[in-house]
file protein.cif (mmCIF, C-alpha atoms)
data_upload
#
loop_
_atom_site.label_atom_id
_atom_site.label_comp_id
_atom_site.auth_asym_id
_atom_site.auth_seq_id
_atom_site.Cartn_x
_atom_site.Cartn_y
_atom_site.Cartn_z
CA MET A 1 41.65 -7.49 -1.98
CA SER A 2 38.35 -8.99 -0.84
CA SER A 3 38.75 -7.23 2.52
CA ARG A 4 38.79 -3.90 0.67
CA VAL A 5 35.62 -4.76 -1.20
CA ALA A 6 33.53 -6.02 1.73
CA PRO A 7 32.84 -2.75 3.61
CA PRO A 8 31.25 -0.63 0.82
CA PRO A 9 28.04 -2.67 0.30
CA SER A 10 27.05 -2.35 4.00
CA ARG A 11 26.62 1.43 3.76
CA PRO A 12 24.28 1.50 0.77
CA TRP A 13 22.32 -1.37 2.36
CA LEU A 14 21.64 0.73 5.44
CA LEU A 15 20.97 3.88 3.44
CA LEU A 16 18.67 1.98 1.09
CA PHE A 17 16.76 0.61 4.09
CA VAL A 18 16.26 4.16 5.39
CA ALA A 19 15.11 5.24 1.93
CA VAL A 20 12.63 2.34 1.74
CA CYS A 21 11.26 3.36 5.15
CA LEU A 22 10.81 6.97 4.05
CA VAL A 23 9.09 5.94 0.83
CA ALA A 24 6.79 3.65 2.81
CA ALA A 25 5.92 6.47 5.19
CA ASN A 26 4.61 8.51 2.25
CA MET A 27 2.67 5.73 0.51
CA ARG A 28 -0.54 6.24 2.49
CA MET A 29 -0.49 9.73 4.02
CA THR A 30 -1.92 11.45 0.96
CA ILE A 31 -4.98 9.18 0.84
CA THR A 32 -5.75 8.34 4.48
CA GLY A 33 -6.28 12.02 5.28
CA VAL A 34 -9.28 12.27 2.96
CA GLY A 35 -11.84 10.32 5.04
CA PRO A 36 -11.83 12.60 8.13
CA LEU A 37 -12.30 15.62 5.83
CA LEU A 38 -15.22 14.28 3.80
CA ASP A 39 -17.82 16.19 5.81
CA GLN A 40 -15.90 19.45 5.40
CA ILE A 41 -15.43 18.90 1.66
CA ALA A 42 -19.11 18.01 1.18
CA THR A 43 -20.25 21.11 3.07
CA ASP A 44 -17.80 23.42 1.30
CA GLN A 45 -18.57 22.09 -2.18
CA GLN A 46 -22.30 21.57 -1.50
CA VAL A 47 -22.41 17.94 -2.62
CA GLU A 48 -23.89 14.82 -1.07
CA LEU A 49 -21.65 12.90 1.32
CA ALA A 50 -22.45 9.65 -0.49
CA THR A 51 -21.18 11.22 -3.73
CA LEU A 52 -17.83 11.96 -2.12
CA GLY A 53 -17.67 8.34 -1.04
CA ALA A 54 -16.59 7.68 -4.62
CA LEU A 55 -13.53 9.86 -3.96
CA GLY A 56 -12.17 7.06 -1.81
CA ALA A 57 -12.49 4.75 -4.81
CA VAL A 58 -10.48 6.95 -7.19
CA PRO A 59 -7.03 5.83 -5.93
CA LEU A 60 -8.19 2.23 -6.00
CA LEU A 61 -9.41 2.49 -9.60
CA THR A 62 -6.14 4.06 -10.71
CA TRP A 63 -4.24 1.36 -8.81
CA ALA A 64 -6.28 -1.26 -10.65
CA ILE A 65 -5.48 0.34 -14.02
CA VAL A 66 -1.82 1.23 -13.46
CA SER A 67 -0.64 -1.70 -11.31
CA PRO A 68 -0.54 -4.24 -14.18
CA LEU A 69 1.53 -1.73 -16.17
CA ALA A 70 4.16 -1.32 -13.43
CA HIS A 71 6.05 -4.47 -14.48
CA GLY A 72 6.54 -3.08 -17.99
CA ILE A 73 7.53 0.33 -16.62
CA SER A 74 10.09 -1.35 -14.37
CA ALA A 75 11.41 -3.42 -17.29
CA ARG A 76 12.06 -0.31 -19.34
CA LEU A 77 13.28 2.09 -16.69
CA GLY A 78 14.51 -0.14 -13.87
CA MET A 79 12.92 -0.41 -10.43
CA GLU A 80 14.80 2.49 -8.86
CA ARG A 81 14.14 4.98 -11.65
CA ALA A 82 10.46 4.01 -11.81
CA VAL A 83 10.08 4.61 -8.07
CA THR A 84 11.83 7.98 -8.44
CA LEU A 85 9.40 9.11 -11.13
CA SER A 86 6.45 7.90 -9.08
CA LEU A 87 7.56 10.08 -6.14
CA ILE A 88 7.82 13.11 -8.43
CA ALA A 89 4.30 12.41 -9.75
CA LEU A 90 3.09 12.06 -6.15
CA ILE A 91 4.33 15.57 -5.35
CA ILE A 92 2.63 17.00 -8.43
CA GLY A 93 -0.65 15.20 -7.68
CA THR A 94 -0.71 16.37 -4.07
CA VAL A 95 -0.31 20.01 -5.10
CA TRP A 96 -2.82 19.66 -7.93
CA ARG A 97 -5.45 18.17 -5.60
CA SER A 98 -5.32 21.20 -3.29
CA LEU A 99 -5.65 23.90 -5.96
CA PRO A 100 -8.55 26.31 -5.37
CA GLY A 101 -11.75 26.08 -7.37
CA GLY A 102 -14.36 23.37 -7.79
CA LEU A 103 -13.98 19.64 -7.43
CA THR A 104 -12.13 19.10 -10.73
CA SER A 105 -8.66 19.57 -9.26
CA LEU A 106 -9.60 17.39 -6.28
CA TRP A 107 -10.64 14.48 -8.50
CA LEU A 108 -7.85 14.76 -11.08
CA GLY A 109 -5.15 15.34 -8.47
CA THR A 110 -6.39 12.33 -6.54
CA ALA A 111 -6.23 10.25 -9.73
CA LEU A 112 -2.59 11.26 -10.32
CA ILE A 113 -1.79 10.47 -6.69
CA GLY A 114 -3.34 7.04 -7.18
CA ALA A 115 -1.35 6.40 -10.37
CA SER A 116 1.93 7.36 -8.72
CA LEU A 117 1.24 5.22 -5.66
CA ALA A 118 0.30 2.26 -7.88
CA VAL A 119 3.85 2.07 -9.23
CA GLY A 120 5.32 2.20 -5.73
CA ASN A 121 2.81 -0.34 -4.41
CA VAL A 122 3.90 -2.86 -7.04
CA LEU A 123 7.63 -2.26 -7.15
CA MET A 124 8.50 -1.80 -3.48
CA PRO A 125 7.66 -5.41 -2.41
CA ALA A 126 9.65 -6.74 -5.37
CA LEU A 127 12.56 -4.41 -4.58
CA ILE A 128 12.51 -5.55 -0.95
CA LYS A 129 12.58 -9.18 -2.10
CA ARG A 130 15.57 -8.44 -4.33
CA ASP A 131 17.66 -6.31 -1.98
CA PHE A 132 16.63 -7.69 1.42
CA ALA A 133 16.11 -11.36 0.63
CA GLY A 134 17.73 -12.55 3.85
CA ARG A 135 15.48 -10.33 5.97
CA LEU A 136 12.30 -10.46 3.89
CA PRO A 137 9.60 -10.94 6.59
CA LEU A 138 11.20 -8.37 8.91
CA VAL A 139 11.70 -5.66 6.29
CA MET A 140 8.24 -6.31 4.85
CA GLY A 141 6.79 -5.96 8.35
CA VAL A 142 8.62 -2.67 8.93
CA TYR A 143 7.53 -1.45 5.49
CA THR A 144 3.88 -2.28 6.16
CA ALA A 145 4.00 -0.84 9.68
CA LEU A 146 5.22 2.46 8.27
CA LEU A 147 2.44 2.42 5.69
CA GLY A 148 -0.09 2.21 8.48
CA GLY A 149 1.74 4.38 10.98
CA ALA A 150 2.21 7.35 8.68
CA GLY A 151 -1.33 6.90 7.42
CA ALA A 152 -2.55 7.03 11.01
CA ILE A 153 -0.74 10.29 11.65
CA SER A 154 -2.26 11.77 8.51
CA ALA A 155 -5.78 10.73 9.52
CA GLY A 156 -5.33 12.19 12.98
CA VAL A 157 -3.85 15.58 12.09
CA VAL A 158 -5.77 16.71 9.00
CA VAL A 159 -8.84 17.94 10.89
CA PRO A 160 -6.80 19.93 13.48
CA ILE A 161 -4.73 21.42 10.64
CA SER A 162 -7.86 22.43 8.74
CA ALA A 163 -9.19 24.12 11.91
CA ILE A 164 -6.13 26.32 12.53
CA ARG A 165 -7.30 29.93 12.70
CA VAL A 166 -5.92 32.35 10.11
CA GLY A 167 -7.39 35.82 10.34
CA ASP A 168 -11.16 35.57 10.22
CA GLY A 169 -11.17 32.00 8.92
CA THR A 170 -9.34 28.69 9.07
CA LEU A 171 -6.75 26.98 6.91
CA GLY A 172 -9.44 24.67 5.56
CA TRP A 173 -9.43 21.23 4.00
CA ARG A 174 -7.30 22.14 0.97
CA VAL A 175 -4.28 23.14 3.07
CA ALA A 176 -4.84 20.09 5.28
CA LEU A 177 -4.68 17.81 2.23
CA LEU A 178 -1.59 19.62 0.95
CA ALA A 179 0.11 19.01 4.30
CA THR A 180 -0.26 15.24 3.85
CA GLY A 181 2.43 15.38 1.14
CA ALA A 182 4.87 17.64 2.98
CA ALA A 183 7.36 14.81 3.60
CA VAL A 184 7.40 13.41 0.05
CA PRO A 185 10.26 15.69 -1.14
CA ILE A 186 12.38 14.43 1.76
CA ALA A 187 11.70 10.82 0.79
CA LEU A 188 12.54 11.61 -2.83
CA GLY A 189 15.87 13.21 -1.90
CA VAL A 190 16.98 10.33 0.33
CA TRP A 191 15.81 7.77 -2.24
CA VAL A 192 17.86 9.35 -5.04
CA TRP A 193 20.88 9.58 -2.70
CA ALA A 194 20.57 5.92 -1.66
CA VAL A 195 20.25 4.65 -5.23
CA ALA A 196 23.22 6.73 -6.42
CA THR A 197 25.36 5.59 -3.47
CA LYS A 198 24.49 1.94 -4.05
CA ARG A 199 25.40 2.09 -7.72
CA ARG A 200 28.64 4.02 -7.15
CA ASP A 201 29.86 1.69 -4.40
CA HIS A 202 28.95 -1.42 -6.34
CA ALA A 203 30.75 -0.08 -9.40
CA ALA A 204 33.85 0.57 -7.28
CA ALA A 205 33.67 -2.93 -5.77
CA THR A 206 33.30 -4.49 -9.22
CA ALA A 207 36.29 -2.57 -10.51
CA LEU A 208 38.44 -3.89 -7.63
CA GLU A 209 37.27 -7.48 -8.00
CA THR A 210 37.48 -7.69 -11.80
CA PRO A 211 40.91 -7.80 -13.50
CA ALA A 212 39.59 -5.74 -16.39
CA GLY A 213 38.45 -2.99 -14.04
CA PRO A 214 38.03 -0.15 -16.53
CA THR A 215 36.01 -2.33 -18.88
CA ALA A 216 33.75 -3.58 -16.10
CA SER A 217 33.06 -0.10 -14.80
CA ALA A 218 31.80 0.99 -18.21
CA ASP A 219 28.41 -0.38 -17.31
CA PRO A 220 26.73 2.52 -15.46
CA GLU A 221 24.34 0.31 -13.52
CA PRO A 222 25.92 -3.04 -12.59
CA ALA A 223 24.24 -3.04 -9.19
CA THR A 224 20.70 -3.36 -10.37
CA ALA A 225 19.64 -6.89 -11.20
CA GLU A 226 16.72 -5.67 -13.24
CA ARG A 227 18.83 -3.74 -15.78
CA PRO A 228 20.02 -6.72 -17.87
CA GLU A 229 16.68 -8.46 -17.43
CA PRO A 230 14.38 -6.05 -19.28
CA THR A 231 15.56 -7.07 -22.73
CA ALA A 232 14.98 -10.75 -22.03
CA ARG A 233 12.40 -11.16 -19.34
CA PRO A 234 9.42 -9.40 -20.95
CA ARG A 235 9.83 -11.64 -24.00
CA SER A 236 9.61 -14.71 -21.81
CA GLY A 237 5.92 -13.96 -21.31
CA ILE A 238 6.00 -13.80 -17.51
CA GLY A 239 3.70 -10.78 -17.58
CA ARG A 240 1.12 -12.72 -19.60
CA ARG A 241 1.55 -16.13 -17.97
CA ILE A 242 0.89 -14.70 -14.52
CA TRP A 243 -2.73 -14.02 -15.49
CA ARG A 244 -3.30 -17.72 -16.08
CA ASP A 245 -1.71 -18.87 -12.84
CA PRO A 246 -4.20 -20.07 -10.15
CA VAL A 247 -1.83 -19.22 -7.28
CA ALA A 248 -1.66 -15.64 -8.54
CA TRP A 249 -5.45 -15.41 -8.59
CA TRP A 250 -5.75 -16.54 -4.97
CA VAL A 251 -3.21 -13.92 -3.94
CA ALA A 252 -5.08 -11.31 -6.00
CA LEU A 253 -8.43 -12.18 -4.42
CA TYR A 254 -6.88 -12.01 -0.96
CA MET A 255 -5.46 -8.60 -1.81
CA GLY A 256 -8.84 -7.46 -3.11
CA THR A 257 -10.90 -8.48 -0.09
CA GLN A 258 -8.47 -7.10 2.50
CA SER A 259 -8.07 -3.83 0.58
CA SER A 260 -11.81 -3.41 0.21
CA ILE A 261 -12.32 -3.85 3.97
CA PHE A 262 -9.49 -1.45 4.83
CA PHE A 263 -10.57 1.35 2.52
CA ILE A 264 -14.21 1.04 3.51
CA MET A 265 -13.28 1.53 7.15
CA GLN A 266 -10.73 4.22 6.30
CA THR A 267 -13.27 6.20 4.28
CA TRP A 268 -16.45 5.70 6.28
CA LEU A 269 -15.47 5.23 9.94
CA SER A 270 -15.30 8.98 10.50
CA PRO A 271 -18.76 9.71 8.97
CA ILE A 272 -20.22 6.80 10.98
CA GLU A 273 -18.92 8.22 14.23
CA ILE A 274 -19.94 11.79 13.36
CA SER A 275 -23.49 10.57 12.67
CA ARG A 276 -23.49 9.08 16.18
CA GLY A 277 -22.70 12.42 17.79
CA HIS A 278 -18.89 12.43 17.83
CA SER A 279 -17.01 15.58 16.88
CA ALA A 280 -15.01 15.64 13.66
CA GLU A 281 -11.77 15.83 15.69
CA ASN A 282 -12.67 12.77 17.79
CA ALA A 283 -13.80 10.87 14.72
CA GLY A 284 -10.46 11.62 13.06
CA LEU A 285 -8.64 10.39 16.15
CA GLU A 286 -10.59 7.13 16.00
CA VAL A 287 -9.48 6.67 12.40
CA MET A 288 -5.93 7.31 13.61
CA LEU A 289 -6.42 4.70 16.34
CA LEU A 290 -7.54 2.21 13.70
CA GLN A 291 -4.31 2.77 11.82
CA ILE A 292 -2.02 2.80 14.86
CA ILE A 293 -3.41 -0.54 16.02
CA GLY A 294 -2.75 -1.80 12.50
CA VAL A 295 0.91 -0.80 12.80
CA GLY A 296 1.43 -3.12 15.76
CA SER A 297 -0.33 -6.03 14.09
CA SER A 298 1.76 -5.47 10.95
CA MET A 299 4.89 -6.14 12.97
CA LEU A 300 3.40 -9.28 14.50
CA VAL A 301 2.89 -11.08 11.20
CA PRO A 302 6.61 -11.94 10.71
CA LEU A 303 6.62 -13.50 14.18
CA PHE A 304 3.71 -15.83 13.43
CA PHE A 305 4.29 -16.51 9.73
CA ARG A 306 6.38 -19.60 10.34
CA GLY A 307 6.00 -23.32 10.94
CA ARG A 308 2.46 -24.66 10.69
CA LEU A 309 0.97 -21.17 10.92
CA ARG A 310 2.45 -20.27 7.53
CA ARG A 311 -0.45 -22.07 5.90
CA SER A 312 -3.30 -21.13 8.22
CA LEU A 313 -2.42 -17.53 9.14
CA PRO A 314 -3.90 -15.94 5.98
CA ALA A 315 -7.28 -17.50 6.82
CA LEU A 316 -7.11 -16.83 10.57
CA ILE A 317 -6.48 -13.08 10.35
CA PRO A 318 -9.84 -12.09 8.79
CA VAL A 319 -11.72 -14.10 11.45
CA LEU A 320 -10.88 -11.31 13.90
CA GLY A 321 -12.22 -8.78 11.41
CA ALA A 322 -15.51 -10.66 11.16
CA ILE A 323 -15.80 -10.69 14.96
CA ALA A 324 -15.20 -6.92 15.01
CA ILE A 325 -17.95 -6.21 12.47
CA ILE A 326 -20.40 -8.44 14.33
CA GLY A 327 -19.54 -6.45 17.45
CA MET A 328 -20.20 -3.14 15.69
CA LEU A 329 -23.60 -4.42 14.63
CA THR A 330 -24.69 -5.91 17.96
CA MET A 331 -22.78 -3.94 20.63
CA PRO A 332 -22.03 -0.45 19.26
CA ALA A 333 -21.41 0.86 22.80
CA LEU A 334 -18.07 -1.00 22.68
CA MET A 335 -17.06 0.72 19.44
CA ILE A 336 -13.51 1.46 20.58
CA LEU A 337 -12.94 -2.24 21.20
CA TRP A 338 -14.24 -3.14 17.74
CA ILE A 339 -12.13 -0.41 16.13
CA CYS A 340 -9.05 -1.95 17.76
CA ALA A 341 -10.04 -5.42 16.58
CA ILE A 342 -10.67 -4.38 12.97
CA GLY A 343 -7.41 -2.40 13.11
CA ILE A 344 -5.48 -5.51 14.11
CA ALA A 345 -7.08 -7.49 11.30
CA ALA A 346 -6.54 -4.74 8.72
CA GLY A 347 -2.86 -4.19 9.54
CA ALA A 348 -2.06 -7.89 9.64
CA SER A 349 -3.99 -8.51 6.41
CA LEU A 350 -2.00 -5.88 4.53
CA THR A 351 1.32 -7.33 5.68
CA MET A 352 0.06 -10.79 4.85
CA SER A 353 -0.94 -9.71 1.33
CA LEU A 354 2.42 -8.10 0.60
CA THR A 355 4.27 -11.06 2.09
CA LEU A 356 2.29 -13.47 -0.09
CA MET A 357 3.32 -11.48 -3.17
CA ALA A 358 6.96 -12.03 -2.21
CA VAL A 359 6.92 -15.63 -0.96
CA ARG A 360 4.66 -16.94 -3.74
CA ALA A 361 7.30 -15.95 -6.33
CA ARG A 362 10.76 -17.45 -6.76
CA THR A 363 12.46 -14.42 -8.41
CA ALA A 364 12.24 -10.64 -8.18
CA ASP A 365 10.96 -10.57 -11.77
CA ALA A 366 8.17 -13.02 -10.96
CA ALA A 367 7.42 -11.06 -7.77
CA THR A 368 7.03 -7.86 -9.81
CA SER A 369 4.63 -9.59 -12.20
CA LEU A 370 2.65 -11.16 -9.35
CA SER A 371 2.54 -7.87 -7.45
CA GLY A 372 1.29 -5.98 -10.51
CA MET A 373 -1.35 -8.57 -11.35
CA ALA A 374 -2.51 -9.07 -7.75
CA GLN A 375 -2.74 -5.36 -7.05
CA GLY A 376 -4.44 -4.64 -10.37
CA VAL A 377 -7.16 -7.21 -9.71
CA GLY A 378 -7.20 -6.55 -5.98
CA TYR A 379 -7.70 -2.82 -6.19
CA LEU A 380 -10.33 -3.20 -8.91
CA ILE A 381 -12.28 -5.29 -6.40
CA ALA A 382 -11.49 -2.87 -3.60
CA ALA A 383 -12.64 0.17 -5.60
CA ALA A 384 -16.22 -1.05 -5.39
CA GLY A 385 -16.03 -1.23 -1.60
CA PRO A 386 -16.32 2.42 -0.45
CA VAL A 387 -18.83 3.20 -3.21
CA SER A 388 -21.04 0.19 -2.40
CA PHE A 389 -20.87 0.98 1.31
CA GLY A 390 -22.02 4.55 0.65
CA LEU A 391 -24.83 3.48 -1.68
CA LEU A 392 -26.13 0.95 0.86
CA HIS A 393 -26.09 3.66 3.52
CA GLN A 394 -27.94 6.05 1.25
CA ALA A 395 -30.54 3.42 0.35
CA SER A 396 -31.16 2.18 3.90
CA GLY A 397 -30.68 5.41 5.84
CA GLY A 398 -28.50 3.60 8.38
CA TRP A 399 -25.22 1.77 8.71
CA ALA A 400 -26.31 -1.80 9.48
CA LEU A 401 -26.72 -2.97 5.89
CA SER A 402 -23.41 -1.39 4.93
CA LEU A 403 -21.62 -3.15 7.80
CA VAL A 404 -23.13 -6.46 6.72
CA LEU A 405 -21.32 -5.94 3.42
CA VAL A 406 -18.02 -5.67 5.33
CA LEU A 407 -18.87 -8.82 7.27
CA MET A 408 -19.42 -10.73 4.02
CA LEU A 409 -16.05 -9.51 2.73
CA CYS A 410 -14.36 -10.78 5.89
CA LEU A 411 -15.89 -14.22 5.40
CA VAL A 412 -14.81 -14.31 1.75
CA GLN A 413 -11.29 -13.38 2.84
CA VAL A 414 -11.26 -16.34 5.24
CA PHE A 415 -12.17 -18.68 2.37
CA VAL A 416 -9.62 -17.18 -0.02
CA GLY A 417 -6.95 -17.18 2.68
CA PHE A 418 -7.20 -20.95 2.98
CA PHE A 419 -6.09 -21.38 -0.64
CA ALA A 420 -3.63 -18.46 -0.71
CA GLY A 421 -1.88 -19.98 2.32
CA ARG A 422 -0.90 -23.17 0.53
CA ASP A 423 2.86 -23.46 0.01
CA ARG A 424 2.99 -23.01 -3.75
CA THR A 425 4.67 -20.47 -6.04
CA VAL A 426 3.55 -18.88 -9.25
CA LEU A 427 4.76 -20.01 -12.68
CA ASP A 428 5.94 -23.38 -11.40
CA ARG A 429 4.27 -25.22 -14.26
CA GLY A 430 6.48 -23.70 -16.92
#

call {"tool": "encode", "arguments": {"input": "protein.cif", "output": "structure tokens"}}
result
Amino acid sequence: MSSRVAPPPSRPWLLLFVAVCLVAANMRMTITGVGPLLDQIATDQQVELATLGALGAVPLLTWAIVSPLAHGISARLGMERAVTLSLIALIIGTVWRSLPGGLTSLWLGTALIGASLAVGNVLMPALIKRDFAGRLPLVMGVYTALLGGAGAISAGVVVPISAIRVGDGTLGWRVALLATGAAVPIALGVWVWAVATKRRDHAAATALETPAGPTASADPEPATAERPEPTARPRSGIGRRIWRDPVAWWVALYMGTQSSIFFIMQTWLSPIEISRGHSAENAGLEVMLLQIIGVGSSMLVPLFFRGRLRRSLPALIPVLGAIAIIGMLTMPALMILWICAIGIAAGASLTMSLTLMAVRARTADAATSLSGMAQGVGYLIAAAGPVSFGLLHQASGGWALSLVLVLMLCLVQVFVGFFAGRDRTVLDRG
């Protein structure tokens, strides 16, 4: 009988992996396409470029607000259903953001996009830990690489899409932003299919293995570990205890510094290059290069996060970022080299942050709490990054002072990485 039960789980595992990949591919496209279009939006809406710099902070602020709530949402709805609803909200927010009119739809739609992505940001690492425990570093690396890779494509294509001629004009920035969410419905469909297949096959396997088959199959969701947990786990105070855990705070600070650096570069690299005489198309391609380089470095982290490097790698990664910023300040003629270097650091840092959220927790429930807390604090820190960068540029009239801010963040990340790299887990003290 066991031979009849063994085959079914392999199919939902593969289908779920494909679904995770598709979800990951849509977790950054809707926000990474904004930076290359800032100049167009500012010109069209007749607002200061520095004012639109705050637009890059909107998703981060919503992530900071919603991320700590994701654990409770997951406890009530289950991980899979919460991710499903977040994808539906992502579709609605993407359409809302591109509606014609003033800037109101742009800001509110962006806020809804941020809220929907916050739930996915928190739950996906915990879901990967639960369902791919034996392949955690590899799947997390693939997940992160797709975050960066799809984001890179978005950053590179939005300007060409906006410039497509239609009659006497062009498609414009609104259509370009709408195009960044074109693949979300596909991800939603495959995700729902994968979850339904997993539950059906697990229910069938349980019915074959259990003598009282009909009674066992009465539970509609035996496959999801989080379904029986919600009634007990929230009462155990994990969600509250995580805020008092020092390990969690180091992970949160690491998440905050790396996110701040990434979103500063994502938002402002294109305006920097345009101010130096580059075309909007070339500037967008450089942002895409930043992200593509990050994809490769994301995949390298699982190879190096082992042995003695497990402890030192979180602190070593941002050293390369600091070198890149120093290069931008002192040798701007080699900008492509520095973009590649900061891309390597940014991609590896993101994978490292998500990996720390998984390995610094012993259970999927603790990982969800840690992920929500770390991302809530981290993105609150990160939200100040693009805004502060823009204000420093506006005050100084140049980019040097703003880049010094990024350099300081890199150095802080090195310091935090030393403590986040220690082999400890959250909630170990009871």

call {"tool": "atom_distance", "arguments": {"input": "protein.cif", "atom1": "atom CA of A:Ala384", "atom2": "atom CA of A:Ser298"}}
result
24.7 Å

call {"tool": "closest_residue", "arguments": {"input": "protein.cif", "among": "A:Gly376, A:Gly93, A:Gly189, A:Gly421", "to": "A:Gly109", "atoms": "only C-alpha atoms"}}
result
A:Gly93

call {"tool": "closest_residue", "arguments": {"input": "protein.cif", "among": "A:Asn26, A:Ser396, A:Thr351, A:Ser105", "to": "A:Arg174", "atoms": "only C-alpha atoms"}}
result
A:Ser105

call {"tool": "resolve_selection", "arguments": {"input": "protein.cif", "expression": "the PyMOL selection byres ((chain A and resi 389) around 12)", "output": "count of residues only"}}
result
45

call {"tool": "resolve_selection", "arguments": {"input": "protein.cif", "expression": "the PyMOL selection byres ((chain A and resi 80-87) around 9)", "output": "NGL selection string"}}
result
:A and (23 or 70 or 73-74 or 76-79 or 88-92 or 113 or 115-120 or 123-124 or 127 or 184-185 or 187-188 or 191-192 or 195 or 224)

call {"tool": "atom_distance", "arguments": {"input": "protein.cif", "atom1": "atom CA of A:Ile326", "atom2": "atom CA of A:Gly148"}}
result
23.7 Å

call {"tool": "atom_distance", "arguments": {"input": "protein.cif", "atom1": "atom CA of A:Val95", "atom2": "atom CA of A:Gly181"}}
result
8.2 Å

call {"tool": "closest_residue", "arguments": {"input": "protein.cif", "among": "A:Gln40, A:Gln375, A:Ser67, A:Ser275", "to": "A:Ala163", "atoms": "all atoms listed in the file"}}
result
A:Gln40

call {"tool": "residues_around", "arguments": {"input": "protein.cif", "residues": "A:Ala145", "least_positions_apart": "2", "cutoff": "8 Å", "atoms": "only C-alpha atoms", "output": "list of chain:residue names"}}
result
A:Gly141, A:Val142, A:Tyr143, A:Leu147, A:Gly148, A:Gly149, A:Gly294, A:Val295, A:Gly296, A:Ser298, A:Met299, A:Gly347

call {"tool": "closest_residue", "arguments": {"input": "protein.cif", "among": "A:Ala42, A:Ala283, A:Cys340, A:Leu350", "to": "A:Met328", "atoms": "only C-alpha atoms"}}
result
A:Cys340

call {"tool": "closest_residue", "arguments": {"input": "protein.cif", "among": "A:Asn282, A:Ser154, A:Thr144, A:Thr197", "to": "A:Val301", "atoms": "only C-alpha atoms"}}
result
A:Thr144

call {"tool": "resolve_selection", "arguments": {"input": "protein.cif", "expression": "the PyMOL selection byres ((chain A and resi 367) around 10)", "output": "list of chain:residue names"}}
result
A:His71, A:Val122, A:Leu123, A:Pro125, A:Ala126, A:Leu127, A:Lys129, A:Arg130, A:Leu356, A:Met357, A:Ala358, A:Val359, A:Arg360, A:Ala361, A:Arg362, A:Thr363, A:Ala364, A:Asp365, A:Ala366, A:Thr368, A:Ser369, A:Leu370, A:Ser371, A:Gly372, A:Met373, A:Thr425, A:Val426

call {"tool": "closest_residue", "arguments": {"input": "protein.cif", "among": "A:Gly102, A:Gly114, A:Pro137, A:Pro160", "to": "A:Glu281", "atoms": "all atoms listed in the file"}}
result
A:Pro160
